[in-house]
Amino acid sequence: GAGVSQSPSNKVTEKGKDVELRCDPISGHTALYWYRQRLGQGLEFLIYFQGNSAPDKSGLPSDRFSAERTGESVSTLTIQRTQQEDSAVYLCASSLQGVLPYLNSGNTIYFGEGSWLTVV
Amino acid sequence: KQEVTQIPAALSVPEGENLVLNCSFTDSAIYNLQWFRQDPGKGLTSLLLIQSSQREQTSGRLNASLDKSSGRSTLYIAASQPGDSATYLCAVRPNSGYALNFGKGTSLLVTP
């Protein structure tokens, strides 16, 4: 697609329920990131996928969080047993990374508009 | 651990002024630095990316500079307009790994 697409754009869920967030990266982008931004806070790295390599999960805050990506396509971020502190906007981003590493255009990271999660 | 700081946290200027936003980082072993803008309720829009070997990048009224050795970058906005009002974020990618480290941003308001 033309840009990074995320769904749902807004989600209100009850504490304890599971939620699944979806990200469609820009076509051809090998790298995909998930970030979290709590209200009034900076962006926190969650997880990074690069092609078929093992993902960098170092930013996931707890074992309630998991993410999957098949090849270079769609990714899903799953939060189990949601807590109120999970309320945030979850941002997905993608880049050509690794394909054109010597060019600025190959390294530029493009973000989606985010999935706004509210846990009540 | 890389720490990215942006100063000022907030800035209000009248339309037409030139302005400078500052970003500093503690670890100079960076692969690149990227500036983004974030509008309320929206995602991030990439403005400029500077590779570690570059000194500056320009796009329209925007100019970003990088001094890797001193751990600093500036974003210069010429002839500011009300449409420039947004939060501007600086992010660095380390030499090792791919996770961007973000500053907390500068909230810019350009008044007519």
# chains A, B, ... in the order shown; residues from 1 in each chain; ligands from 1
call {"tool": "residues_around", "arguments": {"residues": "Arg55 of chain B", "least_positions_apart": "5", "cutoff": "10 Å", "atoms": "only C-alpha atoms", "output": "MDAnalysis selection string"}}
result
chainID B and resid 50 64:68 73
call {"tool": "write_last_selection", "arguments": {"atoms": "all heavy atoms", "output": "compact mmCIF listing (two decimals), in the first residue's frame"}}
result
# COMPACT_ATOMS: atom_id res chain seq x y z
N ILE B 50 19.61 11.80 8.53
CA ILE B 50 21.03 12.09 8.32
C ILE B 50 21.82 10.84 8.66
O ILE B 50 21.76 10.34 9.78
CB ILE B 50 21.52 13.25 9.21
CG1 ILE B 50 20.60 14.46 9.12
CG2 ILE B 50 22.94 13.65 8.82
CD1 ILE B 50 21.01 15.59 10.05
N ALA B 64 18.51 20.06 8.71
CA ALA B 64 18.98 19.34 9.89
C ALA B 64 20.47 19.17 9.81
O ALA B 64 21.01 18.82 8.75
CB ALA B 64 18.29 17.99 10.00
N SER B 65 21.14 19.42 10.91
CA SER B 65 22.58 19.23 10.98
C SER B 65 22.92 18.15 11.99
O SER B 65 22.12 17.85 12.89
CB SER B 65 23.27 20.53 11.37
OG SER B 65 22.95 20.85 12.71
N LEU B 66 24.08 17.56 11.82
CA LEU B 66 24.54 16.52 12.74
C LEU B 66 26.01 16.72 13.06
O LEU B 66 26.84 16.84 12.15
CB LEU B 66 24.35 15.14 12.11
CG LEU B 66 24.91 13.95 12.90
CD1 LEU B 66 24.18 13.79 14.23
CD2 LEU B 66 24.81 12.66 12.09
N ASP B 67 26.32 16.78 14.35
CA ASP B 67 27.70 16.78 14.83
C ASP B 67 27.83 15.55 15.72
O ASP B 67 27.53 15.60 16.92
CB ASP B 67 28.00 18.06 15.61
CG ASP B 67 29.46 18.14 16.04
OD1 ASP B 67 30.13 17.10 16.06
OD2 ASP B 67 29.92 19.24 16.38
N LYS B 68 28.24 14.46 15.10
CA LYS B 68 28.24 13.18 15.80
C LYS B 68 29.21 13.19 16.98
O LYS B 68 28.90 12.66 18.05
CB LYS B 68 28.60 12.07 14.83
CG LYS B 68 28.27 10.68 15.34
CD LYS B 68 28.48 9.64 14.28
CE LYS B 68 29.93 9.37 14.04
NZ LYS B 68 30.16 8.12 13.30
N SER B 73 22.38 17.37 17.30
CA SER B 73 21.73 17.65 16.02
C SER B 73 20.80 18.83 16.22
O SER B 73 20.26 19.03 17.31
CB SER B 73 20.93 16.44 15.55
OG SER B 73 20.22 16.73 14.35
call {"tool": "interface_residues", "arguments": {"of": "chain A", "to": "chain B", "cutoff": "9 Å", "atoms": "only C-alpha atoms", "output": "PyMOL selection string"}}
result
chain A and resi 33+40-48+56+59+91-92+102-105+107-114+116
call {"tool": "atom_distance", "arguments": {"atom1": "atom CA of Pro61 of chain A", "atom2": "atom CA of Thr30 of chain A"}}
result
24.0 Å
call {"tool": "residues_around", "arguments": {"residues": "segment 18-28 of chain A", "least_positions_apart": "6", "cutoff": "10 Å", "atoms": "only C-alpha atoms", "output": "mmCIF file with C-alpha atoms, in the first residue's frame"}}
result
data_model
loop_
_atom_site.group_PDB
_atom_site.id
_atom_site.type_symbol
_atom_site.label_atom_id
_atom_site.label_comp_id
_atom_site.auth_asym_id
_atom_site.auth_seq_id
_atom_site.Cartn_x
_atom_site.Cartn_y
_atom_site.Cartn_z
ATOM 1 C CA GLY A 1 0.000 0.000 0.000
ATOM 2 C CA ALA A 2 0.891 3.661 -0.084
ATOM 3 C CA GLY A 3 1.660 3.867 3.609
ATOM 4 C CA VAL A 4 1.784 1.841 6.804
ATOM 5 C CA SER A 5 -1.722 0.815 7.717
ATOM 6 C CA GLN A 6 -2.845 -0.076 11.232
ATOM 7 C CA SER A 7 -6.075 -1.463 12.594
ATOM 8 C CA PRO A 8 -8.096 -0.932 14.612
ATOM 9 C CA SER A 9 -7.516 2.806 14.837
ATOM 10 C CA ASN A 10 -9.249 2.863 18.219
ATOM 11 C CA LYS A 11 -9.971 0.096 20.684
ATOM 12 C CA VAL A 12 -11.618 0.217 24.093
ATOM 13 C CA TRP A 34 6.321 -1.767 16.983
ATOM 14 C CA ARG A 64 1.659 -10.692 28.169
ATOM 15 C CA PHE A 65 2.956 -9.048 25.018
ATOM 16 C CA SER A 66 3.768 -10.993 21.862
ATOM 17 C CA ALA A 67 4.065 -10.227 18.174
ATOM 18 C CA GLU A 68 4.208 -12.197 14.975
ATOM 19 C CA ARG A 69 5.134 -11.492 11.415
ATOM 20 C CA GLU A 72 7.663 -9.499 4.947
ATOM 21 C CA SER A 73 3.938 -9.148 5.348
ATOM 22 C CA VAL A 74 1.412 -8.272 8.004
ATOM 23 C CA SER A 75 2.324 -8.201 11.683
ATOM 24 C CA THR A 76 0.077 -8.635 14.697
ATOM 25 C CA LEU A 77 0.774 -7.442 18.229
ATOM 26 C CA THR A 78 -1.154 -9.329 20.883
ATOM 27 C CA ILE A 79 -1.651 -8.167 24.456
ATOM 28 C CA GLN A 80 -3.077 -10.785 26.794
ATOM 29 C CA ARG A 81 -4.947 -10.043 29.996
ATOM 30 C CA THR A 82 -4.810 -6.305 29.394
ATOM 31 C CA GLN A 83 -4.108 -3.946 32.275
ATOM 32 C CA TYR A 90 0.678 1.474 19.575
ATOM 33 C CA LEU A 91 2.637 2.616 16.546
ATOM 34 C CA CYS A 92 3.890 0.398 13.763
ATOM 35 C CA ALA A 93 6.634 1.439 11.361
ATOM 36 C CA SER A 94 8.460 -0.067 8.408
ATOM 37 C CA SER A 95 11.535 0.612 6.294
ATOM 38 C CA LEU A 96 13.514 -0.814 3.414
ATOM 39 C CA VAL A 99 17.903 -3.527 1.105
ATOM 40 C CA TYR A 110 7.694 5.333 8.012
ATOM 41 C CA PHE A 111 5.072 5.193 10.741
ATOM 42 C CA GLY A 112 1.410 4.324 10.666
ATOM 43 C CA GLY A 114 -1.316 4.102 15.364
ATOM 44 C CA SER A 115 -3.850 2.018 17.228
ATOM 45 C CA TRP A 116 -5.218 3.863 20.245
ATOM 46 C CA LEU A 117 -5.868 1.390 23.030
ATOM 47 C CA VAL A 119 -8.210 -0.355 28.878
#
call {"tool": "closest_residue", "arguments": {"among": "B:Thr106, B:Gln54, B:Asn95, B:Asn22", "to": "Arg72 of chain B", "atoms": "only C-alpha atoms"}}
result
B:Asn22
call {"tool": "select_by_dssp", "arguments": {"residues": "chain A", "states": "strand (DSSP E)", "output": "PyMOL selection string"}}
result
chain A and resi 5-7+10-13+19-24+31-37+43-50+65-69+75-79+88-95+110-111+115-119
call {"tool": "atom_distance", "arguments": {"atom1": "atom CA of Val20 of chain B", "atom2": "atom CA of Pro8 of chain B"}}
result
9.5 Å
call {"tool": "atom_distance", "arguments": {"atom1": "atom CA of Ser96 of chain B", "atom2": "atom CA of Gln2 of chain B"}}
result
11.5 Å
call {"tool": "closest_residue", "arguments": {"among": "B:Ile77, B:Ser52, B:Pro40, B:Thr111", "to": "Val89 of chain A", "atoms": "only C-alpha atoms"}}
result
B:Pro40
call {"tool": "residues_around", "arguments": {"residues": "Ser12 of chain B", "least_positions_apart": "6", "cutoff": "7 Å", "atoms": "only C-alpha atoms", "output": "PyMOL selection string"}}
result
chain B and resi 108-110
call {"tool": "closest_residue", "arguments": {"among": "A:Gln84, A:Leu32, A:Thr118, A:Lys17", "to": "Gly51 of chain A", "atoms": "only C-alpha atoms"}}
result
A:Leu32
